[in-house]
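Here's the structure, in structure tokens; my notes come after.
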Amino acid sequence: MGRSIRDELTGLAWAGPWLIGSAVFVFLPMGLSAYYSLTDYPLLEPPMFVGLKNYRDLMGDPTFWRVVKNTALFAGVSIPVFTLVALVLAGLLNSRVRFAKVYQAAVFIPTLVPLIASAMVWFWLFNGEYGLVNKVLAPLLRPFGLSPPAWIADESWVLPAMVLMTLWGVGQSVVIYVAAMQDVPRQLYEAAELDGMGPVRRFVHVTLPMISPAILFNVIALTISAVQVFAVPYVMFRRPWGTNPAGHYYTMYLYESGFVYGRMGYACAMAWIQLLVVLALTGLMMLASRKLVHYTRT
């Protein structure tokens, strides 16, 4: 047996567990879900092929369009706010301040808390009557004749509550941005300072272009997470579909359709639409990055 053949067999042996695992737990389920999306599959009975009926039904489903709107609005607001807060915190932590490592750890630690646990904590924090948030806001708003909002019950306050809850996990992006900022050559800051740039202009014209690959990575990850948001609204806003519809999001409806109402074919069709949307958004961002992202050439 030739050396090249032995090398190939050795490589396949090492990659074999990963290939088998991917085939069984990734590609096979994807293939089955694609087939189920073309069927009427109530889980307790065999799937019956119906072609594109599930996709046509989705286009005429008002609940589907409502959760699409809610999810798009959440993504459109949360991603810019999250990115801006993460960049500001990273810029502050990257400056020469005492105990910078302690602050970085304090910002990052909340990301280690499981989402369900975090959602339960925020569920009680946002409680309109007993929550700590309203207990703090009440004396501040009382002189103006205002009362704290009903964060969970009032549809108009669902989105602000979700965005504030999302900021709980800002630490992961902050750590990535701080690491990227520390790789920016000091000569660039010195040259900008000689040109008369202040701290804000140096941040905008030097730091942001140099860390733009990290920003692109975080924005893509945030986009995928926002489109798939599930755990937090499921814990905080899960109600019958006729009440507080502002708290219902795409993946929640997908889950309810498949595992509560037994419409697995319908849910699989939703999953494939979600996948195509994520791929399209990622592709658009990668195309835009050709002009907006600065890559250091070595």
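A note on labels: chains of the structure tokens are A, B, ... as shown, every chain counts residues from 1, and ligands are counted from 1 in their shown order.
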Give me the residues near Ala105 (chain A) as a list in words, where near means some atom within 9 Å (using only C-alpha atoms) and where sequence neighbours in that chain fewer than 5 positions away do not count.
Ala100, Gly171 and Val175 of chain A
Mind writing the picked residues with C-alpha atoms as a PDB file, in the first residue's frame?
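Writing the result to out.pdb gives the following:
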```
ATOM      1  CA  ALA A 100      -9.535  47.014  33.733  1.00  0.00           C
ATOM      2  CA  GLY A 171     -20.034  40.903  27.609  1.00  0.00           C
ATOM      3  CA  VAL A 175     -14.369  40.839  25.133  1.00  0.00           C
TER       4      VAL A 175
END
```
Find the spatial neighbours of Trp272 (chain A), counting only C-alpha atoms, within a cut-off of 12 Å - ignore same-chain residues fewer than 2 positions away - and output them as a PDB file with N, CA and C atoms, in the first residue's frame.
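So the final result, stored in result.pdb, reads:
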```pdb
ATOM      1  N   MET A  30     -31.622  17.420   8.518  1.00  0.00           N
ATOM      2  CA  MET A  30     -31.946  18.468   7.548  1.00  0.00           C
ATOM      3  C   MET A  30     -32.722  17.893   6.369  1.00  0.00           C
ATOM      4  N   GLY A  31     -32.280  16.726   5.875  1.00  0.00           N
ATOM      5  CA  GLY A  31     -32.981  16.095   4.772  1.00  0.00           C
ATOM      6  C   GLY A  31     -34.398  15.697   5.144  1.00  0.00           C
ATOM      7  N   LEU A  32     -34.558  15.145   6.357  1.00  0.00           N
ATOM      8  CA  LEU A  32     -35.890  14.753   6.803  1.00  0.00           C
ATOM      9  C   LEU A  32     -36.800  15.970   6.981  1.00  0.00           C
ATOM     10  N   SER A  33     -36.244  17.063   7.529  1.00  0.00           N
ATOM     11  CA  SER A  33     -37.065  18.258   7.714  1.00  0.00           C
ATOM     12  C   SER A  33     -37.482  18.847   6.373  1.00  0.00           C
ATOM     13  N   ALA A  34     -36.583  18.776   5.375  1.00  0.00           N
ATOM     14  CA  ALA A  34     -36.959  19.252   4.036  1.00  0.00           C
ATOM     15  C   ALA A  34     -38.111  18.419   3.482  1.00  0.00           C
ATOM     16  N   TYR A  35     -38.070  17.111   3.704  1.00  0.00           N
ATOM     17  CA  TYR A  35     -39.162  16.245   3.232  1.00  0.00           C
ATOM     18  C   TYR A  35     -40.444  16.519   4.024  1.00  0.00           C
ATOM     19  N   TYR A  36     -40.305  16.631   5.357  1.00  0.00           N
ATOM     20  CA  TYR A  36     -41.491  16.867   6.182  1.00  0.00           C
ATOM     21  C   TYR A  36     -42.159  18.200   5.861  1.00  0.00           C
ATOM     22  N   SER A  37     -41.367  19.182   5.396  1.00  0.00           N
ATOM     23  CA  SER A  37     -41.959  20.478   5.051  1.00  0.00           C
ATOM     24  C   SER A  37     -42.907  20.370   3.854  1.00  0.00           C
ATOM     25  N   LEU A  38     -42.813  19.272   3.143  1.00  0.00           N
ATOM     26  CA  LEU A  38     -43.699  19.033   1.996  1.00  0.00           C
ATOM     27  C   LEU A  38     -44.825  18.066   2.334  1.00  0.00           C
ATOM     28  N   ASN A  54     -47.865  23.650   2.595  1.00  0.00           N
ATOM     29  CA  ASN A  54     -47.460  24.318   3.838  1.00  0.00           C
ATOM     30  C   ASN A  54     -46.912  25.718   3.564  1.00  0.00           C
ATOM     31  N   TYR A  55     -46.133  25.860   2.515  1.00  0.00           N
ATOM     32  CA  TYR A  55     -45.565  27.165   2.175  1.00  0.00           C
ATOM     33  C   TYR A  55     -46.660  28.132   1.721  1.00  0.00           C
ATOM     34  N   LEU A  58     -48.530  29.283   4.771  1.00  0.00           N
ATOM     35  CA  LEU A  58     -47.774  30.278   5.530  1.00  0.00           C
ATOM     36  C   LEU A  58     -47.961  31.668   4.958  1.00  0.00           C
ATOM     37  N   THR A 251     -39.509  31.935  16.140  1.00  0.00           N
ATOM     38  CA  THR A 251     -39.174  30.587  16.599  1.00  0.00           C
ATOM     39  C   THR A 251     -40.178  30.085  17.626  1.00  0.00           C
ATOM     40  N   LEU A 254     -42.886  28.713  15.545  1.00  0.00           N
ATOM     41  CA  LEU A 254     -42.396  27.465  14.953  1.00  0.00           C
ATOM     42  C   LEU A 254     -42.506  26.327  15.967  1.00  0.00           C
ATOM     43  N   GLY A 265     -45.066  19.303   9.807  1.00  0.00           N
ATOM     44  CA  GLY A 265     -44.775  19.713   8.438  1.00  0.00           C
ATOM     45  C   GLY A 265     -44.787  21.224   8.295  1.00  0.00           C
ATOM     46  N   TYR A 266     -45.771  21.866   8.916  1.00  0.00           N
ATOM     47  CA  TYR A 266     -45.878  23.326   8.911  1.00  0.00           C
ATOM     48  C   TYR A 266     -44.659  23.954   9.584  1.00  0.00           C
ATOM     49  N   ALA A 267     -44.241  23.379  10.724  1.00  0.00           N
ATOM     50  CA  ALA A 267     -43.086  23.898  11.451  1.00  0.00           C
ATOM     51  C   ALA A 267     -41.800  23.722  10.637  1.00  0.00           C
ATOM     52  N   CYS A 268     -41.648  22.604   9.948  1.00  0.00           N
ATOM     53  CA  CYS A 268     -40.462  22.386   9.119  1.00  0.00           C
ATOM     54  C   CYS A 268     -40.405  23.389   7.968  1.00  0.00           C
ATOM     55  N   ALA A 269     -41.560  23.716   7.395  1.00  0.00           N
ATOM     56  CA  ALA A 269     -41.584  24.739   6.350  1.00  0.00           C
ATOM     57  C   ALA A 269     -41.121  26.082   6.903  1.00  0.00           C
ATOM     58  N   MET A 270     -41.562  26.421   8.115  1.00  0.00           N
ATOM     59  CA  MET A 270     -41.106  27.648   8.756  1.00  0.00           C
ATOM     60  C   MET A 270     -39.599  27.614   9.001  1.00  0.00           C
ATOM     61  N   GLN A 274     -36.782  30.178   7.588  1.00  0.00           N
ATOM     62  CA  GLN A 274     -35.865  30.854   8.512  1.00  0.00           C
ATOM     63  C   GLN A 274     -34.411  30.651   8.087  1.00  0.00           C
ATOM     64  N   LEU A 275     -34.071  29.424   7.688  1.00  0.00           N
ATOM     65  CA  LEU A 275     -32.711  29.144   7.239  1.00  0.00           C
ATOM     66  C   LEU A 275     -32.362  29.971   6.008  1.00  0.00           C
ATOM     67  N   LEU A 276     -33.265  30.044   5.047  1.00  0.00           N
ATOM     68  CA  LEU A 276     -32.999  30.805   3.826  1.00  0.00           C
ATOM     69  C   LEU A 276     -32.839  32.294   4.129  1.00  0.00           C
ATOM     70  N   VAL A 277     -33.626  32.810   5.066  1.00  0.00           N
ATOM     71  CA  VAL A 277     -33.499  34.223   5.448  1.00  0.00           C
ATOM     72  C   VAL A 277     -32.146  34.481   6.094  1.00  0.00           C
ATOM     73  N   VAL A 278     -31.719  33.589   6.977  1.00  0.00           N
ATOM     74  CA  VAL A 278     -30.418  33.746   7.628  1.00  0.00           C
ATOM     75  C   VAL A 278     -29.288  33.700   6.609  1.00  0.00           C
ATOM     76  N   LEU A 279     -29.366  32.750   5.669  1.00  0.00           N
ATOM     77  CA  LEU A 279     -28.333  32.661   4.637  1.00  0.00           C
ATOM     78  C   LEU A 279     -28.322  33.914   3.766  1.00  0.00           C
TER      79      LEU A 279
END
```
Suppose you want the space between CA of Gln182 (chain A) and CA of Val204 (chain A); what is it in Å?
15.6 Å
Separation of CA of Ala191 (chain A) and CA of His205 (chain A), in Å?
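Atom-to-atom, CA of Ala191 (chain A) and CA of His205 (chain A) are spaced 11.7 Å apart.
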Sorted by chain and rising residue number, list the residues of region 63-116 of chain A at most 12 Å from region 209-225 of chain A (counting only C-alpha atoms), each with its closest atom pair and distance in Å to one decimal, as a Markdown table.
```
| residue | atom | partner | partner_atom | distance |
| --- | --- | --- | --- | --- |
| A:Thr71 | CA | A:Thr223 | CA | 10.7 |
| A:Ala72 | CA | A:Thr223 | CA | 10.0 |
| A:Leu73 | CA | A:Thr223 | CA | 11.9 |
| A:Phe74 | CA | A:Thr223 | CA | 10.3 |
| A:Ala75 | CA | A:Thr223 | CA | 6.7 |
| A:Gly76 | CA | A:Thr223 | CA | 9.0 |
| A:Val77 | CA | A:Thr223 | CA | 11.0 |
| A:Ser78 | CA | A:Leu222 | CA | 8.8 |
| A:Ile79 | CA | A:Leu222 | CA | 6.3 |
| A:Pro80 | CA | A:Val219 | CA | 8.7 |
| A:Val81 | CA | A:Leu222 | CA | 11.1 |
| A:Phe82 | CA | A:Leu222 | CA | 8.6 |
| A:Thr83 | CA | A:Val219 | CA | 7.4 |
| A:Leu84 | CA | A:Ile215 | CA | 10.3 |
| A:Ala86 | CA | A:Ile215 | CA | 10.0 |
| A:Leu87 | CA | A:Ile215 | CA | 8.8 |
| A:Ala90 | CA | A:Ile211 | CA | 11.3 |
| A:Gly91 | CA | A:Ile211 | CA | 11.4 |
```
Picked from region 90-144 of chain A by DSSP as helix (DSSP H, G or I), as a PyMOL selection string
chain A and resi 90-94+100-112+115-125+132-144
Which of region 29-144 of chain A DSSP labels strand (DSSP E), written as a list in words
Thr39, Asp40, Met48 and Phe49 of chain A
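CA of Ser173 (chain A) to CA of Leu93 (chain A) spans 12.5 Å [interatomic distance, one decimal].
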Neighbour list for Met181 (chain A) as a CSV table (one decimal) with N, CA and C atoms, in the first residue's frame, cut-off 7 Å, only C-alpha atoms, skip fewer than 3 positions in-chain:
```
chain,number,residue,atom,x,y,z
A,177,TYR,N,-14.3,42.7,21.1
A,177,TYR,CA,-13.9,44.0,20.7
A,177,TYR,C,-12.6,44.5,21.4
A,178,VAL,N,-12.5,44.2,22.7
A,178,VAL,CA,-11.3,44.6,23.5
A,178,VAL,C,-10.1,43.9,22.9
A,184,VAL,N,-4.6,46.8,17.5
A,184,VAL,CA,-4.5,48.0,16.6
A,184,VAL,C,-3.1,48.6,16.8
A,207,THR,N,-9.9,53.4,15.2
A,207,THR,CA,-10.3,52.1,15.9
A,207,THR,C,-11.3,51.4,15.1
A,211,ILE,N,-10.9,47.5,13.6
A,211,ILE,CA,-11.6,46.4,14.2
A,211,ILE,C,-12.9,45.9,13.5
```
